[in-house]
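Student: For reference, the structure I am asking about is given below.
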Amino acid sequence: MASHSDTLVVFFGATAGANGGKLGSDERELILLVWQIVDLHENKVGKLKRTLVQPDSADVSEQCKEETGLTAEELCKAEPLESVLQQFYQSVSAELKSLGRSSYTLCVDGPLLIQQVLHPEASKKNLVLPECFYTFVDLKKEFHKCCPNAGPVKDLTLTSMLDYVCVPAAVEQEAGMREVKNMVLLILHLLTEPYNHTFSTFETVNYKFESGACKTEAVDSETVIRARGLPWQSSDQDIARFFKGLNIAKGGVALCLNAQGRRNGEALVRFINSEHRDMALERHKHHMGNRYIEVYKATGEEFLKIAGGTSNEVAQFLSKENQVIIRMRGLPFTATPQDVLGFLGPESPVTDGTEGLLFVKYPDGRPTGDAFVLFACEEYAQNALKKHKQILGKRYIELFRSTAAEVQQVLNRYMSTPLISTLPPPPQMVSVPMLATSPFITTGSTRDCIRLRGLPYTAAIEDILDFMGEHTIDIKPHGVHMVLNQQGRPSGDAFIQMKSADRAFMMAQKCHKKMMKDRYVEVFQCSTEEMSFVLMGGTLNRSGLSPPPCKLPCLSPPTYAAFPATPAMLPTEAALYQPPLLATPRTPQAPAHNPVPALAYYSPQLYMNMNMSYTTYYPSPPVSPSTVSYFAAPPGSVAAAVAAQPAPSILPPQPGALVRMQGLPYNTGVKDILGFFQGYQLQADSVLMLYNWSGQRSGEALVTFPSEKAARLAVAECSNVPLSGHPIRLVCCE
């Protein structure tokens, strides 16, 4: 670098839009370049050169016309940027040769021309800049070293610096040439007494972005931005290209993922210092292709939350320098490293063979179908990307560019994923009191509820009961809760209270993604606390549970009282359809000769006509499987049908006793389990094999015995008995 201090090339440029302190902030193209050589050793100057640059768009702002005096007609006759840069390089090289110099450094009035104009524009036009544009001297910073009392660097201008050292400004009418002459006057003055300044500090622009693992030390919030609106297929290199000219810290691009592990169009970017971060903020709403990108301030804590927290396995995988990372998604669960290497082929050699593969797994070691692959160069990575959606086994494989931060996010997400997908854990909740007359919802953390998501909007209570099939006997009285939207229409969600957590678990396992009409329905196990939170107006979103918007207990959705536990009479047709103005159901009156267990009926118009705009979601009237299909038939026939049945037939039958089997070999089938319990006279439909959300058997099963006595006898006799060499653990489910 010492030889660079012998010669400076004073360099100035202007764009077709904003200039001065806003240079480069509006993405306008370069239209003017002016330069002059200064021999620092001999204190001599070379010829002053000025050339116009033809932009792709001839549109010139009024401000630019006023400051530069240039018109669109003049610019149309100029050379394009690529030719002008070649002329600049050839002209400077020839002049240096005549002076006996071999190297030089650009000198600019602030970094904007180099970092905010030349590098971004060259990147968009796919131009390769000469090496001289990657190192430069910032005249303002050099002046500040000599005159620290002149004010902050960001407030300095050519005029203020010349005034401070009492050097008269050059008299020049032509824009660009005036600025270069003033810069040369200032440089020559700093070389003399009393300053005798040596230009020794050089600003650099990184040639390329270095990917890698993020160090987990504290990150300065003044160096981090959030980019929003990115194309979903953007890689860290694409983002680094958008910020071309600014130096991003190693591993400083963290692509954000949504709850499903897919990119959400946002990224957190960490720069080497606050100066580069401030210039990045000036690129707000600049374009990446046809999309504009929003750029905002972010915090170091946000960056570390996305990019930090590396496990030893990930750290070892990312320890290899300058590797291109590719993410593979949709791999067969039985895929081996050799299968992946064979799929990629010899034209895409993986760095260090199997050491360059990282399979993503659940905490219990099961594969997720995702993997990350390292390639030594861009060519190998491009060859691999050509295999996007090609077949491995019986599945097509998706391939994407990835980043070190994405590797960490994906690994962290899967390693913290529960074995059974559930609702997000609720935050500390403010107690919202239920009405004292509401016995059908009691909050608690026991996971004895299920959530149905994706119901057809035409689905009624009877459709849900048909969907649940034999599991309807496990529903608590008044345990079905439809969730309506603000307009009183079905939202596609419902909550069901089951008699135990095991019953809820079995229901979720057996009915998840089962079809209802023409839609599949997702079934999740959850707690009463989570269910009540949603029914009281809270919502489920990406960050978890949001509290209800109503702050006062009186604004909570009205809760309907069930009838007293004392014996009641069969409701008449009039009791079934009460006027919609009634706020609570009345005790139904019926002939005394037909007593039945207490039932509650609600006018179907009552709940729908109430104005409840203060909450996003609220529950439908509580119902129960024993509520005679919830008005499935006309009122008269309903009453007649109920009256014709004896009381015991309305009560749900008592279920058998459940036994959970654990430690099963993964290839165990129903016949194997029936053979294991030989002598207990079980049927095939008594066995429920349990699967994880990846579709693989979990090594567990639930077996229904005809009585609790038979279940306990089976546990006593068969616990720890081997099946295919595996000792089986048996547990009675309450």
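Letters A, B, ... go to the chains of the structure tokens in the order shown; residues in each chain start at 1; ligands are counted from 1 in the same order.
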Write down as a PyMOL selection string the residues of region 277-389 of chain A whose backbone DSSP state falls under strand (DSSP E).
Tutor: chain A and resi 286-288+291-297+324-329+357-361+367-375
Student: Looking at only C-alpha atoms, which of A:Lys297, A:Arg329, A:Val407, A:Asp163 is the one that sits closest to Gly251 (chain A)?
Tutor: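 Among the listed residues, the smallest separation from Gly251 (chain A) belongs to A:Val407.
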Student: Got a sec: who's within 10 Å of Glu282 (chain A), counting only C-alpha atoms, leaving out chain neighbours fewer than 4 positions off, as an MDAnalysis selection string?
Tutor: chainID A and resid 22:27 116 277:278 286 295:296
Student: I'd like the interatomic distance between CA of Lys671 (chain A) and CA of Glu470 (chain A), to a tenth of an Å.
Tutor: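 Taking CA of Lys671 (chain A) as the start and CA of Glu470 (chain A) as the end point, the length is 21.6 Å.
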Student: Provide the CA of Ala280 (chain A) to CA of Asp59 (chain A) distance in Å, to one decimal place.
Tutor: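 Answer for the CA of Ala280 (chain A) to CA of Asp59 (chain A) separation: 24.9 Å.
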Student: If we count only C-alpha atoms, what is near region 491-505 of chain A at a cut-off of 6 Å, once residues fewer than 4 positions away on the same chain are taken out, given as a PyMOL selection string?
Tutor: chain A and resi 447-455+457+474-476+479-485
Student: Quick one: residues within 9 Å of region 61-77 of chain A, only C-alpha atoms counted, chain neighbours fewer than 6 positions away excluded, as a PyMOL selection string?
Tutor: chain A and resi 14-19+31-32+52-55+174-176
Student: Output the selection as an mmCIF file, in the first residue's frame - N, CA, C and O atoms for each residue.
Tutor:
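Listed below is the output, selection-v8.cif:
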data_model
loop_
_atom_site.group_PDB
_atom_site.id
_atom_site.type_symbol
_atom_site.label_atom_id
_atom_site.label_comp_id
_atom_site.auth_asym_id
_atom_site.auth_seq_id
_atom_site.Cartn_x
_atom_site.Cartn_y
_atom_site.Cartn_z
ATOM 1 N N ALA A 14 -21.122 12.554 -11.285
ATOM 2 C CA ALA A 14 -22.487 13.045 -11.055
ATOM 3 C C ALA A 14 -23.468 12.090 -11.716
ATOM 4 O O ALA A 14 -23.144 11.430 -12.715
ATOM 5 N N THR A 15 -24.670 12.008 -11.150
ATOM 6 C CA THR A 15 -25.708 11.134 -11.699
ATOM 7 C C THR A 15 -26.825 11.974 -12.322
ATOM 8 O O THR A 15 -26.868 13.198 -12.169
ATOM 9 N N ALA A 16 -27.757 11.294 -12.979
ATOM 10 C CA ALA A 16 -28.880 11.975 -13.624
ATOM 11 C C ALA A 16 -29.950 12.383 -12.628
ATOM 12 O O ALA A 16 -30.961 12.981 -13.024
ATOM 13 N N GLY A 17 -29.743 12.079 -11.337
ATOM 14 C CA GLY A 17 -30.718 12.437 -10.307
ATOM 15 C C GLY A 17 -30.094 13.267 -9.222
ATOM 16 O O GLY A 17 -29.492 14.305 -9.476
ATOM 17 N N ALA A 18 -30.212 12.771 -7.971
ATOM 18 C CA ALA A 18 -29.689 13.508 -6.816
ATOM 19 C C ALA A 18 -28.164 13.438 -6.790
ATOM 20 O O ALA A 18 -27.556 12.425 -7.140
ATOM 21 N N ASN A 19 -27.531 14.535 -6.359
ATOM 22 C CA ASN A 19 -26.084 14.598 -6.212
ATOM 23 C C ASN A 19 -25.751 15.155 -4.842
ATOM 24 O O ASN A 19 -26.642 15.339 -4.008
ATOM 25 N N ILE A 31 -23.667 9.958 -15.144
ATOM 26 C CA ILE A 31 -23.668 10.655 -16.446
ATOM 27 C C ILE A 31 -22.406 11.489 -16.672
ATOM 28 O O ILE A 31 -22.173 11.968 -17.783
ATOM 29 N N LEU A 32 -21.582 11.645 -15.601
ATOM 30 C CA LEU A 32 -20.405 12.504 -15.733
ATOM 31 C C LEU A 32 -19.260 11.986 -14.887
ATOM 32 O O LEU A 32 -19.465 11.632 -13.722
ATOM 33 N N LEU A 52 -18.447 12.506 -20.606
ATOM 34 C CA LEU A 52 -19.851 12.214 -20.328
ATOM 35 C C LEU A 52 -20.105 10.717 -20.456
ATOM 36 O O LEU A 52 -19.394 10.012 -21.172
ATOM 37 N N VAL A 53 -21.143 10.270 -19.754
ATOM 38 C CA VAL A 53 -21.512 8.847 -19.761
ATOM 39 C C VAL A 53 -22.961 8.738 -20.226
ATOM 40 O O VAL A 53 -23.841 9.443 -19.713
ATOM 41 N N GLN A 54 -23.196 7.869 -21.189
ATOM 42 C CA GLN A 54 -24.554 7.682 -21.701
ATOM 43 C C GLN A 54 -25.333 6.733 -20.786
ATOM 44 O O GLN A 54 -24.971 5.566 -20.652
ATOM 45 N N PRO A 55 -26.415 7.215 -20.191
ATOM 46 C CA PRO A 55 -27.222 6.316 -19.343
ATOM 47 C C PRO A 55 -28.184 5.494 -20.196
ATOM 48 O O PRO A 55 -28.465 5.839 -21.349
ATOM 49 N N GLU A 174 -17.651 25.229 -15.312
ATOM 50 C CA GLU A 174 -18.141 23.922 -15.742
ATOM 51 C C GLU A 174 -18.213 22.967 -14.552
ATOM 52 O O GLU A 174 -17.234 22.784 -13.815
ATOM 53 N N ALA A 175 -19.380 22.359 -14.387
ATOM 54 C CA ALA A 175 -19.593 21.445 -13.262
ATOM 55 C C ALA A 175 -18.666 20.246 -13.379
ATOM 56 O O ALA A 175 -18.366 19.760 -14.468
ATOM 57 N N GLY A 176 -18.216 19.730 -12.263
ATOM 58 C CA GLY A 176 -17.318 18.588 -12.242
ATOM 59 C C GLY A 176 -15.876 19.034 -12.243
ATOM 60 O O GLY A 176 -15.092 18.647 -11.366
#
Student: Nearest residue to Thr336 (chain A) out of A:Leu713, A:Leu358, A:Met507, A:Val324, using only C-alpha atoms?
Tutor: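 Smallest distance to Thr336 (chain A) is found for A:Leu358.
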Student: Could you tell me which of A:Phe136, A:Tyr89, A:Phe677, A:Phe359 comes closest to Ala714 (chain A) if we count only C-alpha atoms?
Tutor: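 Between A:Phe136, A:Tyr89, A:Phe677, A:Phe359, the residue approaching Ala714 (chain A) most closely is A:Phe677.
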Student: Identify, on the basis of only C-alpha atoms, every residue whose closest approach to Lys386 (chain A) does not exceed 10 Å; exclude the query and any residue fewer than 4 positions from it along the same chain; express the result as a ChimeraX atom specification.
Tutor: /A:344,381-382,390,399
Student: In Å, with one decimal, what is the gap from CA of Asp109 (chain A) to CA of Lys140 (chain A)?
Tutor: 6.2 Å
Student: Enumerate, as a ChimeraX atom specification, the complete set of residues in region 34-90 of chain A that a backbone-based DSSP assignment places in alpha helix (DSSP H).
Tutor: /A:62-68,72-76,81-90
Student: So, counting only C-alpha atoms, which residue among A:Thr354, A:Arg401, A:Val224, A:Pro130 is closest to His388 (chain A)?
Tutor: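 Result for the nearest residue to His388 (chain A): A:Arg401.
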Student: Near Ala150 (chain A), counting only C-alpha atoms, which residues have an atom at most 9 Å away, once you skip same-chain residues fewer than 5 positions from it, shown as a VMD selection string?
Tutor: chain A and resid 143 to 144 156 160 to 161 164
Student: Put those residues in a file: N, CA and C atoms, as a PDB file, in the first residue's frame.
Tutor:
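Dumped everything to out.pdb:
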ATOM      1  N   PHE A 143      -8.706  15.059   5.698  1.00  0.00           N
ATOM      2  CA  PHE A 143      -8.735  16.443   6.179  1.00  0.00           C
ATOM      3  C   PHE A 143      -9.037  16.482   7.678  1.00  0.00           C
ATOM      4  N   HIS A 144      -9.941  15.613   8.139  1.00  0.00           N
ATOM      5  CA  HIS A 144     -10.308  15.594   9.553  1.00  0.00           C
ATOM      6  C   HIS A 144      -9.123  15.206  10.430  1.00  0.00           C
ATOM      7  N   LEU A 156     -18.672  17.892   6.685  1.00  0.00           N
ATOM      8  CA  LEU A 156     -17.676  18.616   5.896  1.00  0.00           C
ATOM      9  C   LEU A 156     -18.078  18.680   4.428  1.00  0.00           C
ATOM     10  N   SER A 160     -16.482  24.250   2.858  1.00  0.00           N
ATOM     11  CA  SER A 160     -16.159  24.477   4.270  1.00  0.00           C
ATOM     12  C   SER A 160     -14.715  24.110   4.576  1.00  0.00           C
ATOM     13  N   MET A 161     -14.191  23.077   3.939  1.00  0.00           N
ATOM     14  CA  MET A 161     -12.798  22.685   4.188  1.00  0.00           C
ATOM     15  C   MET A 161     -11.834  23.735   3.645  1.00  0.00           C
ATOM     16  N   TYR A 164     -11.873  26.719   5.906  1.00  0.00           N
ATOM     17  CA  TYR A 164     -11.217  26.484   7.196  1.00  0.00           C
ATOM     18  C   TYR A 164      -9.706  26.682   7.091  1.00  0.00           C
TER      19      TYR A 164
END
